>>> print(open('query-v4.txt').read())   # compact mmCIF, C-alpha atoms
# COMPACT_ATOMS: atom_id res chain seq x y z
CA LYS F 52 186.74 78.36 96.41
CA THR F 53 188.92 75.96 98.41
CA ARG F 54 188.43 73.70 101.41
CA GLN F 55 191.14 72.16 103.57
CA VAL F 56 190.78 69.68 106.43
CA THR F 57 193.57 69.28 109.00
CA TYR F 58 193.76 66.65 111.74
CA ALA F 59 195.73 67.00 114.99
CA TRP F 60 197.04 63.95 116.85
CA ASN F 61 198.58 63.37 120.28
CA LEU F 62 200.99 60.59 121.21
CA ILE F 63 199.46 58.84 124.23
CA ASN F 64 200.82 55.53 125.58
CA SER F 65 202.71 54.83 122.35
CA ARG F 66 199.55 55.45 120.34
CA TYR F 67 198.47 58.43 118.27
CA GLU F 68 194.98 59.64 119.12
CA GLN F 69 193.10 62.31 117.25
CA TYR F 70 192.22 65.24 119.51
CA ASP F 71 190.88 67.81 117.06
CA ARG F 72 189.91 68.50 113.48
CA GLN F 73 190.13 71.82 111.69
CA ASP F 74 187.98 72.64 108.69
CA ARG F 75 189.16 75.65 106.67
CA THR F 76 187.08 77.14 103.88
CA SER F 77 188.09 80.03 101.64
CA LEU F 78 186.41 81.91 98.84
CA ASN F 79 187.99 84.60 96.64
CA THR F 80 186.34 86.62 93.90
CA ASN F 81 187.84 89.45 91.86
CA LEU F 82 186.39 91.78 89.26
CA ASN F 83 188.46 94.28 87.24
CA LEU F 84 187.05 96.61 84.62
CA ASP F 85 189.07 99.02 82.48
CA LEU F 86 187.01 101.68 80.69
CA PRO F 87 188.56 104.14 78.24
CA LEU F 88 186.37 107.26 78.41
CA GLY F 89 188.22 109.18 75.73
CA GLU F 90 191.70 109.81 74.43
CA THR F 91 192.87 111.40 77.69
CA LEU F 92 190.62 109.84 80.36
CA ARG F 93 190.61 106.27 81.62
CA CYS F 94 188.58 104.64 84.39
CA GLN F 95 189.43 101.47 86.32
CA ILE F 96 186.94 99.72 88.60
CA ALA F 97 187.95 96.86 90.90
CA GLU F 98 185.87 94.75 93.27
CA SER F 99 187.11 91.87 95.43
CA TYR F 100 185.58 89.66 98.10
CA ASN F 101 187.58 87.30 100.32
CA LEU F 102 186.21 84.83 102.86
CA MET F 103 188.15 82.59 105.22
CA ASN F 104 186.50 80.36 107.84
CA TYR F 105 188.19 78.20 110.48
CA ARG F 106 186.12 75.67 112.42
CA HIS F 107 187.25 73.14 115.05
CA ASP F 108 185.38 70.04 116.23
CA LYS F 109 186.52 70.27 119.87
CA ASN F 110 188.44 73.48 120.51
CA ARG F 111 185.60 75.69 119.35
CA ASN F 112 186.99 78.81 121.01
CA ARG F 113 189.62 78.91 118.26
CA ALA F 114 186.98 79.12 115.54
CA ASN F 115 187.12 82.40 113.62
CA GLY F 116 186.33 83.94 110.28
CA ASP F 117 187.52 86.73 108.01
CA TYR F 118 185.20 88.52 105.61
CA ASN F 119 186.62 91.30 103.48
CA ASN F 120 185.01 93.33 100.68
CA LEU F 121 187.06 95.95 98.79
CA ALA F 122 185.82 98.32 96.08
CA GLN F 123 188.13 100.71 94.20
CA LEU F 124 187.68 103.44 91.61
CA ASN F 125 190.68 104.89 89.76
CA LEU F 126 190.49 107.79 87.30
CA MET F 127 193.52 108.74 85.19
CA TYR F 128 193.52 111.95 83.17
CA ASP F 129 196.34 113.03 80.86
CA LEU F 130 196.55 116.79 81.25
CA THR F 131 199.36 117.00 78.67
CA GLY F 132 201.63 114.50 77.00
CA ASN F 133 203.84 114.20 80.10
CA ILE F 134 201.57 115.22 83.02
CA THR F 135 199.04 112.75 84.45
CA LEU F 136 196.42 113.37 87.12
CA ASN F 137 195.34 110.31 89.09
CA SER F 138 192.37 110.03 91.47
CA ILE F 139 191.92 106.93 93.64
CA SER F 140 188.99 106.16 95.94
CA SER F 141 188.36 102.94 97.83
CA TYR F 142 185.99 101.43 100.36
CA ASN F 143 186.97 98.42 102.47
CA TYR F 144 184.57 96.59 104.79
CA TYR F 145 186.19 93.91 106.96
CA ILE F 146 184.71 91.63 109.63
CA LYS F 147 186.88 89.60 111.98
CA ASP F 148 184.49 87.03 113.43
CA LEU F 149 185.54 85.98 116.95
CA SER F 150 182.03 85.47 118.27
CA TYR F 151 182.99 82.39 120.33
CA ILE F 152 185.11 84.59 122.61
CA ASN F 153 182.93 87.71 122.23
CA ASN F 154 185.61 89.75 120.50
CA THR F 155 184.24 90.31 117.00
CA ARG F 156 185.33 93.53 115.33
CA ILE F 157 184.13 95.38 112.24
CA ILE F 158 186.55 97.64 110.36
CA ASP F 159 185.30 100.23 107.91
CA VAL F 160 187.95 102.03 105.83
CA ARG F 161 187.22 104.88 103.41
CA ASN F 162 190.08 106.34 101.41
CA THR F 163 190.38 108.94 98.68
CA GLY F 164 193.39 110.64 97.15
CA LEU F 165 194.73 112.74 94.31
CA GLY F 166 198.11 112.34 92.65
CA LEU F 167 200.10 114.20 90.00
CA ASN F 168 202.93 112.74 87.92
CA TRP F 169 205.16 114.92 85.72
CA GLU F 170 207.67 113.16 83.44
CA TYR F 171 209.77 116.21 82.63
CA ASN F 172 212.40 114.11 80.81
CA PRO F 173 212.11 110.59 79.41
CA TYR F 174 212.15 108.29 82.51
CA ASP F 175 212.77 111.26 84.88
CA SER F 176 209.71 112.24 86.89
CA LEU F 177 208.28 114.17 89.83
CA GLN F 178 205.29 112.89 91.82
CA ALA F 179 203.01 114.56 94.35
CA GLU F 180 200.12 112.91 96.17
CA TYR F 181 197.60 113.66 98.90
CA THR F 182 195.35 111.06 100.55
CA ILE F 183 192.83 111.14 103.36
CA GLU F 184 191.58 108.01 105.10
CA LEU F 185 188.94 107.35 107.74
CA ARG F 186 189.23 104.02 109.54
CA ARG F 187 186.48 103.08 111.96
CA THR F 188 186.70 100.01 114.21
CA VAL F 189 183.57 98.76 115.98
CA TYR F 190 183.42 96.13 118.77
CA PRO F 191 179.75 95.08 119.00
CA ASP F 192 180.39 92.37 121.64
CA SER F 193 181.77 94.90 124.14
CA ASP F 194 178.80 97.29 123.91
CA HIS F 195 180.98 99.52 121.70
CA LYS F 196 183.22 100.55 124.60
CA LEU F 197 186.37 99.87 122.53
CA ASP F 198 185.20 101.63 119.36
CA ASN F 199 187.78 103.97 117.85
CA ASP F 200 188.37 106.08 114.76
CA TYR F 201 191.57 106.84 112.83
CA LEU F 202 191.70 109.86 110.57
CA THR F 203 194.89 110.01 108.48
CA ASN F 204 196.10 112.80 106.22
CA ALA F 205 199.19 111.99 104.14
CA TRP F 206 201.30 114.08 101.76
CA ARG F 207 203.88 112.39 99.51
CA LEU F 208 206.57 113.75 97.21
CA GLY F 209 208.76 111.68 94.92
CA TRP F 210 211.58 112.30 92.48
CA ILE F 211 213.25 109.79 90.14
CA VAL F 212 216.13 110.78 87.87
CA PHE F 213 218.64 108.91 85.67
CA TRP F 214 222.10 110.39 85.29
CA LYS F 215 224.53 109.24 82.58
CA ASP F 216 222.16 106.34 81.78
CA ARG F 217 223.58 103.98 84.44
CA LEU F 218 222.93 105.91 87.65
CA ARG F 219 219.38 106.00 89.06
CA ILE F 220 218.52 108.24 92.02
CA ALA F 221 215.16 108.22 93.82
CA ASN F 222 213.92 110.35 96.70
CA ARG F 223 210.65 109.88 98.56
CA LEU F 224 209.32 112.18 101.27
CA LEU F 225 206.23 111.40 103.36
CA TYR F 226 204.50 113.57 105.96
CA GLN F 227 201.55 112.03 107.76
CA VAL F 228 199.19 113.12 110.54
CA LYS F 229 197.02 110.47 112.20
CA ASP F 230 194.31 111.24 114.77
CA GLU F 231 193.24 108.36 117.01
CA ILE F 232 189.93 108.93 118.78
CA PHE F 233 188.25 106.57 121.28
CA LEU F 234 184.54 107.24 121.41
CA ASP F 235 183.90 105.96 124.94
CA SER F 236 184.80 108.38 127.73
CA TRP F 237 186.54 105.62 129.73
CA LEU F 238 189.23 105.37 127.02
CA SER F 239 189.30 108.98 125.86
CA ALA F 240 192.57 109.57 127.73
CA ASN F 241 194.23 107.60 124.90
CA ASN F 242 193.12 110.08 122.25
CA ASN F 243 196.23 111.28 120.44
CA THR F 244 197.74 112.71 117.27
CA LEU F 245 200.70 110.97 115.65
CA SER F 246 202.79 113.14 113.31
CA SER F 247 205.34 111.30 111.15
CA LEU F 248 208.07 112.44 108.78
CA LEU F 249 209.83 109.89 106.58
CA TRP F 250 212.61 110.40 104.02
CA GLN F 251 213.75 107.50 101.80
CA PRO F 252 216.61 108.16 99.33
CA GLU F 253 217.85 105.40 97.03
CA CYS F 254 220.67 105.02 94.54
CA ASP F 255 221.29 102.28 91.95
CA ILE F 256 224.35 101.93 89.76
CA LEU F 257 224.46 99.53 86.81
CA LEU F 258 228.00 98.24 86.16
CA GLY F 259 228.31 96.62 82.76
CA ASP F 260 225.25 94.49 82.08
CA SER F 261 225.51 92.03 85.01
CA PHE F 262 226.48 94.00 88.15
CA GLN F 263 224.35 96.38 90.20
CA LEU F 264 225.15 98.34 93.35
CA HIS F 265 222.04 99.26 95.32
CA GLN F 266 221.91 101.69 98.25
CA GLU F 267 218.86 102.67 100.27
CA TYR F 268 218.48 104.84 103.37
CA GLN F 269 215.66 105.77 105.70
CA ILE F 270 215.28 108.59 108.21
CA ARG F 271 212.08 108.67 110.25
CA ALA F 272 210.71 110.72 113.13
CA ASP F 273 207.37 110.22 114.94
CA TYR F 274 205.79 112.57 117.50
CA ASP F 275 202.87 111.15 119.49
CA ASN F 276 200.94 113.86 121.37
CA TYR F 277 198.08 112.98 123.74
CA PHE F 278 195.13 115.35 124.07
CA PHE F 279 194.52 115.01 127.82
CA ASN F 280 197.94 114.16 129.24
CA GLU F 281 197.63 116.92 131.86
CA PHE F 282 194.77 114.96 133.45
CA SER F 283 195.63 111.36 132.51
CA GLY F 284 199.37 111.40 133.23
CA ILE F 285 200.15 109.79 129.83
CA ARG F 286 203.34 111.35 128.49
CA ASP F 287 203.97 112.38 124.90
CA THR F 288 206.48 110.19 123.10
CA PHE F 289 209.06 110.57 120.34
CA TYR F 290 210.46 107.85 118.07
CA ARG F 291 213.30 108.17 115.59
CA LYS F 292 214.96 105.72 113.23
CA ILE F 293 217.87 105.71 110.82
CA GLU F 294 218.57 102.82 108.49
CA ALA F 295 221.01 102.03 105.67
CA ALA F 296 221.28 99.00 103.38
CA TYR F 297 223.72 98.07 100.61
CA HIS F 298 223.55 95.26 98.04
CA LEU F 299 226.01 94.21 95.36
CA THR F 300 224.37 91.91 92.83
CA TYR F 301 225.76 89.84 89.98
CA ASP F 302 223.38 88.14 87.54
CA SER F 303 224.56 86.23 84.48
CA THR F 304 221.12 86.48 82.81
CA PRO F 305 222.34 89.35 82.39
CA LEU F 306 220.85 91.67 84.99
CA ALA F 307 220.06 94.48 82.53
CA ALA F 308 217.67 92.14 80.70
CA LYS F 309 215.27 91.79 83.67
CA THR F 310 215.68 95.01 85.62
CA ASP F 311 212.62 97.02 86.72
CA ALA F 312 214.29 100.25 85.53
CA PRO F 313 212.89 100.74 82.00
CA LYS F 314 215.80 102.88 80.83
CA TRP F 315 218.33 100.14 81.60
CA SER F 316 216.43 97.58 79.55
CA LEU F 317 217.12 99.78 76.49
CA LEU F 318 220.90 99.59 76.98
CA PRO F 319 222.89 97.04 74.95
CA TYR F 320 223.45 93.75 76.75
CA ARG F 321 224.41 90.19 75.95
CA SER F 322 221.83 87.57 75.00
CA ARG F 323 219.86 85.90 77.79
CA ASN F 324 221.35 82.89 79.57
CA LEU F 325 218.77 80.22 80.45
CA SER F 326 221.11 78.64 83.05
CA ALA F 327 221.50 81.83 85.04
CA PHE F 328 223.62 82.31 88.17
CA ARG F 329 222.97 85.06 90.70
CA ILE F 330 224.97 86.34 93.68
CA ASP F 331 223.75 89.04 96.08
CA ALA F 332 225.92 90.24 98.97
CA GLY F 333 224.19 92.56 101.42
CA TYR F 334 224.81 94.60 104.54
CA ALA F 335 222.20 96.53 106.56
CA TRP F 336 222.44 98.75 109.65
CA GLU F 337 219.57 100.07 111.74
CA ARG F 338 219.16 102.14 114.87
CA ASN F 339 215.99 103.40 116.47
CA GLU F 340 215.27 105.16 119.75
CA THR F 341 212.16 105.79 121.82
CA SER F 342 211.76 108.61 124.31
CA ALA F 343 209.16 110.15 126.62
CA LYS F 344 208.52 113.83 127.19
CA ASP F 345 209.14 115.36 130.59
CA GLY F 346 208.34 119.05 130.61
CA ASP F 347 209.76 120.41 127.36
CA ILE F 348 212.48 117.75 127.00
CA TYR F 349 212.36 114.23 125.53
CA PHE F 350 214.37 111.65 127.49
CA ILE F 351 215.54 108.49 125.69
CA ASN F 352 214.23 105.35 127.39
CA GLY F 353 214.96 102.72 124.75
CA ARG F 354 217.53 102.06 122.03
CA TYR F 355 217.67 99.32 119.46
CA ASP F 356 220.65 98.52 117.21
CA ARG F 357 220.85 95.85 114.54
CA GLN F 358 223.33 94.91 111.81
CA THR F 359 222.83 92.19 109.22
CA ILE F 360 225.04 90.57 106.63
CA SER F 361 223.66 88.22 104.02
CA LEU F 362 224.69 86.27 100.95
CA LEU F 363 222.36 84.91 98.29
CA LEU F 364 223.53 82.23 95.85
CA GLN F 365 221.02 81.18 93.21
CA LYS F 366 221.48 78.87 90.26
CA GLN F 367 219.01 77.93 87.54
CA TYR F 368 219.19 74.65 85.65
CA GLY F 369 216.48 74.91 83.02
CA ILE F 370 213.21 74.40 84.92
CA LEU F 371 214.95 73.86 88.30
CA ILE F 372 216.12 76.72 90.54
CA GLY F 373 218.29 76.18 93.65
CA GLN F 374 219.00 78.78 96.30
CA LEU F 375 221.35 79.13 99.29
CA ASN F 376 220.88 82.16 101.55
CA PRO F 377 222.92 82.45 104.79
CA LYS F 378 222.24 85.45 107.03
CA TYR F 379 223.65 86.69 110.34
CA SER F 380 222.29 89.54 112.48
CA TRP F 381 223.74 91.05 115.64
CA GLY F 382 223.07 93.99 117.91
CA ASN F 383 220.55 93.88 120.76
CA TRP F 384 220.25 90.19 119.96
CA LYS F 385 221.80 87.67 117.57
CA GLU F 386 220.18 85.57 114.92
CA TYR F 387 221.59 82.93 112.59
CA SER F 388 219.70 81.82 109.51
CA LEU F 389 220.40 79.52 106.56
CA LEU F 390 217.77 79.06 103.87
CA LEU F 391 218.10 76.13 101.47
CA SER F 392 215.39 76.05 98.84
CA SER F 393 214.60 74.74 95.40
CA ALA F 394 211.77 75.31 92.96
CA TRP F 395 210.77 73.07 90.07
CA ARG F 396 208.64 74.62 87.33
CA LEU F 397 206.17 71.98 86.24
CA ASN F 398 204.73 74.15 83.47
CA ARG F 399 204.36 77.84 82.69
CA SER F 400 202.15 78.50 85.74
CA SER F 401 202.70 75.60 88.20
CA THR F 402 205.62 75.04 90.58
CA LEU F 403 206.81 72.67 93.29
CA GLU F 404 208.81 74.40 96.06
CA ILE F 405 210.82 72.78 98.88
CA SER F 406 212.77 74.62 101.57
CA LEU F 407 214.75 73.97 104.76
CA ASN F 408 215.53 76.86 107.09
CA PRO F 409 217.50 76.45 110.36
CA ILE F 410 217.16 79.69 112.34
CA GLY F 411 217.87 80.80 115.90
CA ALA F 412 219.87 82.90 118.34
CA ASP F 413 222.30 80.09 119.21
CA LEU F 414 224.03 77.67 116.85
CA ASP F 415 223.55 74.87 119.38
CA SER F 416 219.77 75.28 119.56
CA LEU F 417 218.49 76.15 116.11
CA ASP F 418 214.85 75.94 115.11
CA TRP F 419 214.64 73.80 111.99
CA ARG F 420 211.80 74.72 109.65
CA ALA F 421 210.86 72.75 106.55
CA ALA F 422 208.22 73.57 103.97
CA CYS F 423 206.84 72.05 100.80
CA ALA F 424 204.41 73.89 98.52
CA LEU F 425 202.71 72.69 95.36
CA ASN F 426 201.12 75.41 93.22
CA LEU F 427 198.96 74.08 90.42
CA ILE F 428 197.13 76.27 87.93
CA PHE F 429 195.02 74.64 85.25
>>> encode(input="query-v4.txt", output="structure tokens")
Amino acid sequence: KTRQVTYAWNLINSRYEQYDRQDRTSLNTNLNLDLPLGETLRCQIAESYNLMNYRHDKNRNRANGDYNNLAQLNLMYDLTGNITLNSISSYNYYIKDLSYINNTRIIDVRNTGLGLNWEYNPYDSLQAEYTIELRRTVYPDSDHKLDNDYLTNAWRLGWIVFWKDRLRIANRLLYQVKDEIFLDSWLSANNNTLSSLLWQPECDILLGDSFQLHQEYQIRADYDNYFFNEFSGIRDTFYRKIEAAYHLTYDSTPLAAKTDAPKWSLLPYRSRNLSAFRIDAGYAWERNETSAKDGDIYFINGRYDRQTISLLLQKQYGILIGQLNPKYSWGNWKEYSLLLSSAWRLNRSSTLEISLNPIGADLDSLDWRAACALNLIF
């Protein structure tokens, strides 16, 4: 449990006068239980509760609270030595307290799913998963006129394969159908079904023990169909997106010693370097379009293009880490960014972090952001 008090001051006639006081209280509890029910069956139970309250002495309309309770049950069953069946169910009850402005909402989310993982070769696997989720949002302060339900069915397929030890290829395919239903007749014209198809291929190449070339792509298409558009005049819409990103990384640690690909950590590499140096050069391109349906044809009414180049320089000196990260984006708008940061490890679990980040669309009028964070764990 934590409590934080913040004071706000105004400069009036060369004097600072306090005009408000914010009192923030938070409470977090977590419970995790792992139960082996046999040689092939394992059960995991998780329960968490999070509370966050904001109160103001004068500006009471800004007072709000967040109350969230999440319960999860996970069952894992080994059908054979390389095939695992996984069942996940969860219940999430969330209250956003905005009673001072009569806009409190209660969100009830129930989710269950079944997944299958087949490791047909060491570190090569196929995954299939189906989930169904019901999300109900209730607005008690508006006599339930804004209440709505979301019912989502999602199917996922995944494939991860290593080729010649140093090439990793991953493919993920997602198909999702979401029904949005407004319970009050005044808003029922907004009832719709959103069908989405998403494909995400990735490729990683390990060069030596310190270089990695990473590529990731995304192709997405969304169809939003309204139930009563013949009477409401709301037109069906279509959204599509294509995205590509490339990163070339050098890490003197070396990189193979701390990769998240388990097969690469088994390859021979040089001993770890405690004063590591890391460089990451990146380029990303994105385009998305929105369109509205007229008759049987979709007409494009919006297009967004964006390209980004970035460079990350990071150096570790024992317990001190320094980082320089310039970034430039252009397309429908421009953005310049330069992040200067450092982190000092006080002990195994505690750190002191300082950062300075000028960012903006024009070099002559940048927004300068500074932050300092002290994380202490006893």
>>> residues_around(input="query-v4.txt", residues="region 168-179 of chain F", least_positions_apart="5", cutoff="7 Å", atoms="only C-alpha atoms", output="PyMOL selection string")
chain F and resi 133-136+207-213+314
>>> residues_around(input="query-v4.txt", residues="Ile158 (chain F)", least_positions_apart="6", cutoff="8 Å", atoms="all atoms listed in the file", output="CSV table (one decimal) with C-alpha atoms, keeping the file's coordinate frame")
chain,number,residue,atom,x,y,z
F,143,ASN,CA,187.0,98.4,102.5
F,144,TYR,CA,184.6,96.6,104.8
F,145,TYR,CA,186.2,93.9,107.0
F,146,ILE,CA,184.7,91.6,109.6
F,186,ARG,CA,189.2,104.0,109.5
F,187,ARG,CA,186.5,103.1,112.0
F,188,THR,CA,186.7,100.0,114.2
F,189,VAL,CA,183.6,98.8,116.0
>>> atom_distance(input="query-v4.txt", atom1="CA of Asp413 (chain F)", atom2="CA of Asn383 (chain F)")
14.0 Å
>>> residues_around(input="query-v4.txt", residues="Thr341 (chain F)", least_positions_apart="2", cutoff="10 Å", atoms="all atoms listed in the file", output="VMD selection string")
chain F and resid 273 288 to 292 339 343 349 to 355
>>> atom_distance(input="query-v4.txt", atom1="CA of Arg223 (chain F)", atom2="CA of Ser140 (chain F)")
22.1 Å
>>> atom_distance(input="query-v4.txt", atom1="CA of Ser138 (chain F)", atom2="CA of Asn79 (chain F)")
26.3 Å
>>> closest_residue(input="query-v4.txt", among="F:Ile360, F:Cys254, F:Leu299, F:Leu407", to="Glu386 (chain F)", atoms="all atoms listed in the file")
F:Ile360
>>> closest_residue(input="query-v4.txt", among="F:Glu184, F:Asp198, F:Glu90, F:Glu404", to="Arg161 (chain F)", atoms="only C-alpha atoms")
F:Glu184
>>> residues_near_point(input="query-v4.txt", point="(213.5, 76.0, 95.8)", cutoff="12 Å", atoms="all atoms listed in the file", output="VMD selection string")
chain F and resid 364 to 368 370 to 376 390 to 396 402 to 408 421 to 425
>>> residues_around(input="query-v4.txt", residues="Ser236 (chain F)", least_positions_apart="6", cutoff="12 Å", atoms="all atoms listed in the file", output="VMD selection string")
chain F and resid 195 to 199 242 279
>>> residues_near_point(input="query-v4.txt", point="(217.8, 92.4, 82.4)", cutoff="12 Å", atoms="only C-alpha atoms", output="JSON list (two decimals) with C-alpha atoms, in the coordinates of the input")
[["chain", "number", "residue", "atom", "x", "y", "z"],
["F", 257, "LEU", "CA", 224.46, 99.53, 86.81],
["F", 259, "GLY", "CA", 228.31, 96.62, 82.76],
["F", 260, "ASP", "CA", 225.25, 94.49, 82.08],
["F", 261, "SER", "CA", 225.51, 92.03, 85.01],
["F", 262, "PHE", "CA", 226.48, 94.00, 88.15],
["F", 263, "GLN", "CA", 224.35, 96.38, 90.20],
["F", 301, "TYR", "CA", 225.76, 89.84, 89.98],
["F", 302, "ASP", "CA", 223.38, 88.14, 87.54],
["F", 303, "SER", "CA", 224.56, 86.23, 84.48],
["F", 304, "THR", "CA", 221.12, 86.48, 82.81],
["F", 305, "PRO", "CA", 222.34, 89.35, 82.39],
["F", 306, "LEU", "CA", 220.85, 91.67, 84.99],
["F", 307, "ALA", "CA", 220.06, 94.48, 82.53],
["F", 308, "ALA", "CA", 217.67, 92.14, 80.70],
["F", 309, "LYS", "CA", 215.27, 91.79, 83.67],
["F", 310, "THR", "CA", 215.68, 95.01, 85.62],
["F", 311, "ASP", "CA", 212.62, 97.02, 86.72],
["F", 312, "ALA", "CA", 214.29, 100.25, 85.53],
["F", 313, "PRO", "CA", 212.89, 100.74, 82.00],
["F", 314, "LYS", "CA", 215.80, 102.88, 80.83],
["F", 315, "TRP", "CA", 218.33, 100.14, 81.60],
["F", 316, "SER", "CA", 216.43, 97.58, 79.55],
["F", 317, "LEU", "CA", 217.12, 99.78, 76.49],
["F", 318, "LEU", "CA", 220.90, 99.59, 76.98],
["F", 319, "PRO", "CA", 222.89, 97.04, 74.95],
["F", 320, "TYR", "CA", 223.45, 93.75, 76.75],
["F", 321, "ARG", "CA", 224.41, 90.19, 75.95],
["F", 322, "SER", "CA", 221.83, 87.57, 75.00],
["F", 323, "ARG", "CA", 219.86, 85.90, 77.79],
["F", 324, "ASN", "CA", 221.35, 82.89, 79.57],
["F", 327, "ALA", "CA", 221.50, 81.83, 85.04]]
>>> residues_around(input="query-v4.txt", residues="region 246-249 of chain F", least_positions_apart="2", cutoff="8 Å", atoms="all atoms listed in the file", output="PyMOL selection string")
chain F and resi 224-229+244+251+269-275
>>> axis_aligned_box(input="query-v4.txt", around="region 128-146 of chain F", padding_each_side="6 Å", output="AutoDock Vina command-line options")
--center_x 194.2 --center_y 104.3 --center_z 93.3 --size_x 31.3 --size_y 37.4 --size_z 44.6
